[in-house]
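Asker: For reference, the file final_9.txt (compact mmCIF, C-alpha atoms) is included below:
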# COMPACT_ATOMS: atom_id res chain seq x y z
CA MET A 1 0.00 0.00 0.00
CA LYS A 2 2.83 2.39 0.95
CA PHE A 3 4.61 1.51 -2.28
CA LEU A 4 1.56 2.34 -4.31
CA LEU A 5 1.08 5.64 -2.46
CA ARG A 6 4.71 6.65 -3.02
CA SER A 7 4.50 5.74 -6.68
CA LEU A 8 1.37 7.81 -7.05
CA ILE A 9 3.01 10.84 -5.41
CA ILE A 10 6.10 10.51 -7.61
CA LEU A 11 3.93 10.24 -10.69
CA CYS A 12 2.02 13.33 -9.64
CA PHE A 13 5.23 15.35 -9.22
CA ALA A 14 6.63 14.06 -12.51
CA GLY A 15 3.42 14.97 -14.28
CA PHE A 16 3.44 18.40 -12.70
CA ALA A 17 7.05 19.00 -13.76
CA TRP A 18 6.33 17.75 -17.26
CA GLY A 19 3.32 20.03 -17.45
CA GLN A 20 5.36 22.97 -16.28
CA GLY A 21 7.94 22.29 -18.97
CA GLN A 22 5.28 21.98 -21.61
CA ARG A 23 3.56 25.17 -20.63
CA ASP A 24 6.61 27.44 -20.72
CA PRO A 25 8.13 27.81 -24.19
CA GLY A 26 10.49 30.43 -22.78
CA GLN A 27 12.60 27.65 -21.31
CA GLU A 28 13.23 26.15 -24.71
CA VAL A 29 16.94 25.92 -25.54
CA VAL A 30 17.73 27.89 -28.68
CA GLY A 31 21.51 27.71 -28.58
CA GLU A 32 24.62 27.36 -26.52
CA LEU A 33 27.02 30.08 -25.50
CA MET A 34 30.62 29.53 -24.46
CA VAL A 35 32.47 32.19 -22.53
CA VAL A 36 36.24 31.86 -22.16
CA VAL A 37 38.34 34.14 -19.99
CA ILE A 38 41.79 34.66 -21.49
CA TYR A 39 44.75 36.32 -19.87
CA ALA A 40 46.99 38.15 -22.33
CA SER A 41 50.41 39.32 -21.26
CA ASP A 42 53.75 40.21 -22.77
CA SER A 43 55.56 38.78 -19.77
CA SER A 44 55.64 35.10 -19.00
CA PRO A 45 52.63 34.24 -16.87
CA GLU A 46 53.68 32.28 -13.82
CA GLY A 47 51.45 29.59 -12.48
CA LEU A 48 49.13 29.70 -15.43
CA GLU A 49 49.44 26.64 -17.55
CA THR A 50 46.43 26.29 -19.81
CA SER A 51 47.00 27.81 -23.22
CA PRO A 52 44.32 28.47 -25.79
CA SER A 53 44.31 26.47 -28.98
CA ALA A 54 46.62 27.46 -31.79
CA ASP A 55 43.66 28.76 -33.79
CA GLN A 56 42.54 30.91 -30.91
CA ILE A 57 46.04 32.32 -30.46
CA ALA A 58 46.23 33.07 -34.17
CA GLN A 59 42.88 34.85 -34.06
CA LEU A 60 43.88 36.88 -31.03
CA ASN A 61 47.22 37.83 -32.53
CA ALA A 62 45.50 38.96 -35.72
CA ILE A 63 43.62 41.65 -33.81
CA GLU A 64 45.89 44.56 -33.09
CA THR A 65 44.32 45.63 -29.82
CA LEU A 66 44.47 42.07 -28.42
CA LYS A 67 48.03 41.23 -29.44
CA ALA A 68 50.25 39.78 -26.72
CA GLU A 69 53.22 37.49 -26.32
CA HIS A 70 51.42 35.02 -24.12
CA TYR A 71 47.86 33.88 -23.72
CA ARG A 72 46.43 31.72 -20.98
CA VAL A 73 42.95 30.41 -20.32
CA LEU A 74 41.74 31.34 -16.84
CA GLY A 75 38.38 29.63 -17.10
CA SER A 76 35.40 28.94 -19.27
CA ASP A 77 31.72 28.20 -19.03
CA ARG A 78 29.10 26.83 -21.41
CA LYS A 79 25.48 27.66 -20.89
CA ASN A 80 22.29 27.15 -22.81
CA VAL A 81 20.65 30.09 -24.48
CA LEU A 82 17.00 30.04 -23.42
CA ARG A 83 14.31 31.43 -25.67
CA GLY A 84 12.62 33.61 -23.12
CA TYR A 85 14.86 33.81 -20.10
CA GLN A 86 18.12 35.36 -19.08
CA ASN A 87 20.91 32.94 -18.33
CA TRP A 88 24.28 33.44 -16.69
CA ALA A 89 27.79 32.26 -17.43
CA PHE A 90 30.40 32.13 -14.68
CA PRO A 91 33.66 31.56 -16.52
CA VAL A 92 35.80 32.14 -13.43
CA LYS A 93 34.85 29.19 -11.32
CA GLY A 94 33.68 29.89 -7.84
CA SER A 95 33.96 33.61 -8.31
CA ASP A 96 31.57 36.37 -9.21
CA ARG A 97 34.48 38.52 -10.32
CA LEU A 98 33.41 38.20 -13.95
CA MET A 99 29.91 37.15 -14.96
CA LEU A 100 28.04 37.40 -18.18
CA SER A 101 24.27 37.42 -18.50
CA PHE A 102 22.66 36.84 -21.86
CA GLN A 103 19.20 36.62 -23.35
CA PRO A 104 18.04 36.28 -26.95
CA LEU A 105 16.55 39.29 -28.69
CA GLY A 106 14.16 38.32 -31.45
CA GLU A 107 14.26 35.36 -33.76
CA ALA A 108 17.39 33.55 -34.84
CA GLN A 109 19.13 34.84 -37.92
CA GLN A 110 20.62 32.66 -40.60
CA THR A 111 24.03 32.30 -38.97
CA GLY A 112 23.65 33.95 -35.61
CA ARG A 113 21.45 35.40 -32.97
CA ARG A 114 21.15 38.81 -31.39
CA LEU A 115 21.73 38.61 -27.67
CA ASP A 116 21.26 41.06 -24.88
CA LEU A 117 24.62 40.85 -23.10
CA GLU A 118 25.54 42.25 -19.74
CA LEU A 119 29.03 41.88 -18.32
CA TRP A 120 29.33 42.16 -14.58
CA GLN A 121 32.47 42.67 -12.53
CA GLY A 122 31.36 41.72 -9.07
CA LYS A 123 28.19 43.68 -8.42
CA GLN A 124 29.01 46.33 -10.95
CA LYS A 125 27.65 46.11 -14.46
CA ILE A 126 30.45 47.24 -16.72
CA LEU A 127 28.97 46.56 -20.16
CA LYS A 128 25.62 46.36 -21.84
CA ALA A 129 25.43 45.42 -25.50
CA ASP A 130 23.15 43.71 -27.99
CA PRO A 131 25.45 42.18 -30.59
CA VAL A 132 24.52 39.57 -33.15
CA ILE A 133 26.76 36.68 -32.14
CA GLN A 134 27.64 34.62 -35.18
CA LEU A 135 27.98 30.87 -34.92
CA ASP A 136 31.58 29.89 -34.09
CA LYS A 137 32.81 33.48 -34.51
CA PRO A 138 33.84 34.81 -31.13
CA LEU A 139 32.98 38.25 -29.88
CA TYR A 140 35.94 39.51 -27.88
CA ILE A 141 35.57 41.81 -24.91
CA LYS A 142 38.72 43.52 -23.75
CA GLY A 143 38.09 43.84 -20.04
CA PRO A 144 40.06 44.93 -17.00
CA LYS A 145 43.77 44.60 -16.39
CA TRP A 146 45.11 42.04 -13.99
CA ARG A 147 48.64 41.29 -12.82
CA GLY A 148 50.17 43.39 -15.54
CA GLY A 149 48.22 41.69 -18.27
CA GLN A 150 44.87 42.01 -19.92
CA ILE A 151 41.68 40.08 -19.31
CA ILE A 152 39.88 39.14 -22.50
CA LEU A 153 36.54 37.40 -22.76
CA ALA A 154 35.78 35.35 -25.85
CA VAL A 155 32.03 34.91 -26.25
CA THR A 156 31.13 32.29 -28.84
CA LEU A 157 27.82 30.90 -29.98
CA THR A 158 28.63 27.19 -30.30
CA GLN A 159 25.13 26.04 -31.13
CA LEU A 160 22.30 27.76 -32.93
CA LEU A 161 18.78 26.41 -32.95
CA PRO A 162 15.79 28.03 -34.66
CA MET B 1 -39.37 96.62 -107.09
CA THR B 2 -36.84 94.54 -105.25
CA ASP B 3 -37.77 91.84 -102.77
CA ASN B 4 -36.38 93.86 -99.88
CA THR B 5 -38.47 96.85 -100.78
CA ARG B 6 -41.54 94.70 -101.23
CA ASN B 7 -41.01 92.95 -97.85
CA GLU B 8 -40.45 96.29 -96.15
CA LEU B 9 -43.66 97.65 -97.56
CA LEU B 10 -45.46 94.44 -96.57
CA THR B 11 -44.29 94.82 -92.98
CA LYS B 12 -45.48 98.43 -92.87
CA TRP B 13 -48.81 97.35 -94.41
CA LEU B 14 -49.24 94.65 -91.73
CA ASP B 15 -48.30 97.09 -88.94
CA GLY B 16 -50.69 99.73 -90.33
CA GLU B 17 -47.87 102.20 -90.71
CA ILE B 18 -47.89 102.42 -94.46
CA THR B 19 -48.31 105.83 -96.20
CA GLY B 20 -50.68 106.66 -99.03
CA SER B 21 -48.18 106.36 -101.90
CA GLU B 22 -46.71 103.21 -100.41
CA ARG B 23 -50.18 101.71 -100.05
CA ALA B 24 -50.80 102.24 -103.74
CA VAL B 25 -47.57 100.47 -104.62
CA VAL B 26 -48.41 97.53 -102.36
CA GLU B 27 -51.90 97.12 -103.63
CA GLU B 28 -50.59 97.23 -107.18
CA ALA B 29 -48.18 94.46 -106.22
CA PHE B 30 -51.04 92.43 -104.73
CA GLN B 31 -52.90 92.62 -107.99
CA ALA B 32 -49.85 91.79 -110.08
CA ASP B 33 -48.69 88.86 -107.93
CA ALA B 34 -51.33 86.53 -106.57
CA ASP B 35 -48.81 84.62 -104.43
CA PHE B 36 -47.63 87.82 -102.80
CA CYS B 37 -51.21 88.75 -102.12
CA ALA B 38 -51.97 85.34 -100.57
CA GLU B 39 -48.85 85.56 -98.41
CA ALA B 40 -49.88 89.00 -97.21
CA GLN B 41 -53.35 87.81 -96.29
CA SER B 42 -51.96 84.77 -94.48
CA LEU B 43 -49.61 86.90 -92.44
CA GLN B 44 -52.40 89.28 -91.61
CA GLU B 45 -54.59 86.43 -90.37
CA MET B 46 -51.77 85.01 -88.26
CA ARG B 47 -51.15 88.41 -86.78
CA GLY B 48 -54.79 88.64 -85.88
CA LEU B 49 -54.74 85.25 -84.15
CA LEU B 50 -51.64 86.14 -82.12
CA ALA B 51 -53.20 89.36 -81.04
CA GLU B 52 -56.30 87.51 -79.86
CA ASP B 53 -54.33 84.87 -77.86
CA SER B 54 -52.18 87.36 -76.07
CA GLY B 55 -55.02 89.72 -75.61
CA ASP B 56 -52.75 92.11 -77.30
CA VAL B 57 -51.44 93.02 -73.82
CA LEU B 58 -48.26 91.67 -72.18
CA PRO B 59 -48.09 92.74 -68.56
CA HIS B 60 -44.66 94.03 -67.46
CA GLY B 61 -43.34 93.50 -70.92
CA ASP B 62 -40.08 95.31 -70.32
CA PHE B 63 -39.30 93.21 -67.25
CA PHE B 64 -40.12 90.01 -69.17
CA ASN B 65 -37.88 91.01 -72.03
CA SER B 66 -34.98 91.94 -69.77
CA GLN B 67 -35.19 88.62 -67.87
CA LEU B 68 -35.40 86.70 -71.11
CA THR B 69 -32.41 88.52 -72.54
CA ARG B 70 -30.36 87.93 -69.37
CA ARG B 71 -31.13 84.19 -69.37
CA ILE B 72 -30.22 83.84 -73.01
CA GLU B 73 -26.94 85.63 -72.42
CA ARG B 74 -26.14 83.50 -69.39
CA GLU B 75 -26.81 80.22 -71.21
CA SER B 76 -24.93 81.37 -74.23
CA PHE B 77 -21.79 82.37 -72.31
CA ALA B 78 -21.69 79.57 -69.74
CA PRO B 79 -19.68 77.01 -71.79
CA VAL B 80 -17.16 79.66 -72.71
CA ASP B 81 -15.74 79.71 -69.14
CA GLU B 82 -12.18 78.31 -69.41
CA LYS B 83 -11.35 77.84 -65.73
CA PRO B 84 -12.82 74.33 -65.30
CA ALA B 85 -11.16 73.22 -68.49
CA ARG B 86 -7.76 74.31 -67.14
CA GLN B 87 -8.31 72.38 -63.86
CA SER B 88 -9.19 69.18 -65.65
CA TRP B 89 -6.03 69.53 -67.70
CA LEU B 90 -3.99 69.70 -64.50
CA GLN B 91 -5.91 66.83 -63.01
CA ARG B 92 -5.10 64.74 -66.04
CA LEU B 93 -1.40 65.43 -65.49
CA ILE B 94 -1.35 64.69 -61.77
CA LEU B 95 -1.66 60.92 -62.14
CA PRO B 96 1.12 60.49 -64.72
CA ILE B 97 3.40 62.73 -62.64
CA ALA B 98 2.68 60.73 -59.48
CA PHE B 99 3.31 57.40 -61.20
CA GLY B 100 6.45 58.75 -62.78
CA GLY B 101 7.75 59.90 -59.41
CA MET B 102 7.06 56.53 -57.85
CA ALA B 103 8.80 54.73 -60.66
CA ALA B 104 11.81 57.03 -60.43
CA SER B 105 12.03 56.49 -56.67
CA PHE B 106 11.83 52.74 -57.10
CA LEU B 107 14.56 52.73 -59.74
CA PHE B 108 16.73 54.99 -57.59
CA GLY B 109 16.28 52.65 -54.63
CA MET B 110 17.16 49.62 -56.76
CA MET B 111 20.28 51.32 -58.03
CA ALA B 112 21.32 52.52 -54.59
CA ALA B 113 20.71 49.23 -52.78
CA PRO B 114 23.83 47.38 -53.95
CA ASN B 115 25.97 50.24 -52.71
CA ALA B 116 24.35 50.34 -49.29
CA VAL B 117 26.62 49.61 -46.36
CA VAL B 118 25.87 46.06 -45.21
CA PRO B 119 27.23 45.13 -41.83
CA ALA B 120 29.89 42.49 -41.87
CA ALA B 121 29.07 38.94 -40.91
CA SER B 122 30.76 39.36 -37.57
CA SER B 123 29.09 40.35 -34.32
CA VAL B 124 27.02 43.31 -35.44
CA THR B 125 26.44 45.47 -32.42
CA ALA B 126 23.67 48.03 -32.33
CA THR B 127 24.01 49.22 -28.75
CA VAL B 128 27.12 49.22 -26.61
CA TYR B 129 27.62 51.23 -23.50
CA SER B 130 29.02 50.91 -20.05
CA PRO B 131 26.83 51.86 -17.11
CA ALA B 132 29.95 52.15 -14.97
CA GLY B 133 31.26 55.64 -14.38
CA ASN B 134 34.35 56.76 -16.30
CA VAL B 135 34.24 53.65 -18.47
CA THR B 136 33.87 53.91 -22.21
CA ALA B 137 33.02 51.13 -24.60
CA GLU B 138 34.49 51.04 -28.07
CA VAL B 139 33.57 48.60 -30.83
CA ILE B 140 36.24 47.49 -33.27
CA ASP B 141 35.49 45.30 -36.26
CA SER B 142 38.66 43.50 -37.20
CA SER B 143 39.64 42.63 -40.70
CA GLN B 144 39.24 38.95 -39.78
CA GLY B 145 35.53 39.40 -39.28
CA SER B 146 35.69 39.37 -35.51
CA THR B 147 34.24 42.09 -33.34
CA VAL B 148 36.02 43.45 -30.31
CA ILE B 149 34.44 45.53 -27.59
CA VAL B 150 37.12 47.44 -25.78
CA LEU B 151 36.29 48.71 -22.30
CA ASN B 152 38.50 51.63 -21.38
CA GLY B 153 38.77 53.07 -17.89
CA LEU B 154 37.99 49.92 -15.91
CA ASP B 155 39.58 49.48 -12.52
CA ALA B 156 42.21 46.75 -12.61
CA ILE B 157 41.42 43.57 -10.75
CA PRO B 158 43.64 43.49 -7.66
CA ASP B 159 46.65 41.23 -8.10
CA ASP B 160 45.91 39.33 -4.92
CA ILE B 161 42.67 38.07 -6.42
CA ASP B 162 43.27 34.62 -7.85
CA LEU B 163 41.11 34.23 -10.91
CA VAL B 164 42.25 30.68 -11.51
CA ALA B 165 41.57 29.13 -8.13
CA SER B 166 38.25 29.56 -6.41
CA ALA B 167 38.58 33.12 -5.35
CA PRO B 168 36.27 34.63 -2.76
CA SER B 169 33.74 37.03 -4.08
CA ASP B 170 34.40 40.65 -3.48
CA SER B 171 31.20 42.56 -2.97
CA ARG B 172 31.82 46.24 -3.15
CA GLY B 173 28.16 47.08 -3.27
CA ASP B 174 26.27 48.94 -5.88
CA THR B 175 28.03 51.88 -7.34
CA ALA B 176 26.56 54.83 -9.03
CA ARG B 177 25.72 53.87 -12.57
CA VAL B 178 26.58 56.59 -14.94
CA SER B 179 26.01 56.22 -18.63
CA ALA B 180 29.27 56.07 -20.45
CA ILE B 181 30.09 57.27 -23.87
CA ALA B 182 29.75 54.55 -26.46
CA THR B 183 32.06 55.12 -29.35
CA ILE B 184 31.21 52.89 -32.27
CA LYS B 185 33.60 52.71 -35.15
Represent the structure contained in this file as structure tokens.
Answerer:
Amino acid sequence: MKFLLRSLIILCFAGFAWGQGQRDPGQEVVGELMVVVIYASDSSPEGLETSPSADQIAQLNAIETLKAEHYRVLGSDRKNVLRGYQNWAFPVKGSDRLMLSFQPLGEAQQTGRRLDLELWQGKQKILKADPVIQLDKPLYIKGPKWRGGQIILAVTLTQLLP
Amino acid sequence: MTDNTRNELLTKWLDGEITGSERAVVEEAFQADADFCAEAQSLQEMRGLLAEDSGDVLPHGDFFNSQLTRRIERESFAPVDEKPARQSWLQRLILPIAFGGMAASFLFGMMAAPNAVVPAASSVTATVYSPAGNVTAEVIDSSQGSTVIVLNGLDAIPDDIDLVASAPSDSRGDTARVSAIATIK
């Protein structure tokens, strides 16, 4: 009897959750955003081991304002882009030092999607923008300085769904 | 005797205004020309009938004649007015001019469209600004098709903050949010 009662309760909760998911199209995943925090410095970075890929380094070096002798990856985060809700990426793990909120604006374009981006440094919003992020073409944000180098965020749309 | 003279004498004879010598001439003509005599008698009878119908009296005759004359003049001169004709001529031209203008605009737009500036396939940014005070945001489109947003004037992250390891959060509280200048290249 207890088993039947528990099963019934679980089924009720599952049905409720399923119904919630069905009712809210705003939670539909329409893409995936990857945010990578890169440290760029002309001096050798000590204690930082993870380097970006060769392609990433080539791309960064090709942009005059982002040129540096050394690049290191400080952290990254991948988050779903939800159709009707804001989502957050925390590329620096365990820290709210750098956070990026994003939300789609309008329908998907052929090769990208316009996003409402907000970059936060702690509790201070330091950037608001609405760029069209193209699939696999990073948007770079040259952020604050740190330890003599430069913090760069690479924001890339890695998946685009209609 | 010419026809004009004869008709003139006939009119005077009908109106009773003919003189003695003229009467003799007319009566001689009546005797010489039976048709002329019959015509004269017919006209005299008709004149008598008209006089009977009208009672030989037209009240306010001058007023009637003046009104009749004015109406005839008005109807006669009405079509001569050129103003409406000139308006219709302009109205006929308005439509072709309007269509011509539309066609010219369309052709101009078609010709201008290929030269319009189309944003590159990189991250096209419509709005960029920094709510933080003294911070400016600048958008740079690189030749590689990437877009860079450069934030100038940000406070450096303190060196003792470890961004790699799990660093403690540093809550400085809300600061005054001042709109920054957004320079878009």
Asker: Go ahead and find all residues with at least one atom no further than 6 Å from (42.5, 40.2, -25.3) in the file's coordinates, using only C-alpha atoms; report them as a ChimeraX atom specification.
Answerer: /A:40,66,142,152
Asker: So which residues are close to (35.3, 49.8, -12.5), meaning at most 9 Å away in the file's coordinates with all atoms listed in the file counted, and can you show them as a VMD selection string?
Answerer: (chain A and resid 121 124 to 126 144) or (chain B and resid 132 to 135 153 to 157)
Asker: I need the chain A residues near chain B as an MDAnalysis selection string; criterion: at most 8 Å, counting all atoms listed in the file.
Answerer: chainID A and resid 48 59 62:63 74:75 92:97 122:134 137:147
Asker: What does the structure give for the distance between atom CA of Ala34 of chain B and atom CA of Leu9 of chain B, in Å to one decimal?
Answerer: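 Those two atoms sit 16.2 Å apart.
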Asker: Do you have the atom CA of Phe102 of chain A-atom CA of Arg114 of chain A distance handy?
Answerer: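 According to the coordinates, atom CA of Phe102 of chain A and atom CA of Arg114 of chain A are separated by 9.8 Å.
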Asker: Which residue out of A:Gln109, A:Thr50, A:Thr65, A:Gln86 has the minimum interatomic distance to Leu135 of chain A when all atoms listed in the file are used?
Answerer: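 Answer, going by the shortest atom-to-atom distance: A:Gln109.
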Asker: Can you tell me how far atom CA of Glu49 of chain A sits from atom CA of Lys67 of chain A, in Å to one decimal?
Answerer: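 Result for atom CA of Glu49 of chain A versus atom CA of Lys67 of chain A: 18.9 Å, one decimal.
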Asker: Write out as a list in words which residues come within 10 Å of Glu27 of chain B when counting all atoms listed in the file, dropping same-chain ones fewer than 4 positions away.
Answerer: Leu10, Trp13, Glu22, Arg23, Gln31, Ala32, Asp33 and Cys37 of chain B
Asker: If we count all atoms listed in the file, what is near Val36 of chain A at a cut-off of 6 Å, once residues fewer than 6 positions away on the same chain are taken out, given as a ChimeraX atom specification?
Answerer: /A:75-76,153-154
Asker: Keeping only C-alpha atoms, write the selected residues as a compact mmCIF listing (two decimals), in the frame of the given file.
Answerer:
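File produced: part_10.txt:
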# COMPACT_ATOMS: atom_id res chain seq x y z
CA GLY A 75 38.38 29.63 -17.10
CA SER A 76 35.40 28.94 -19.27
CA LEU A 153 36.54 37.40 -22.76
CA ALA A 154 35.78 35.35 -25.85
Asker: Closest to Gln103 of chain A among A:Trp88, A:Trp120, A:Tyr71, A:Tyr39, using all atoms listed in the file?
Answerer: A:Trp88
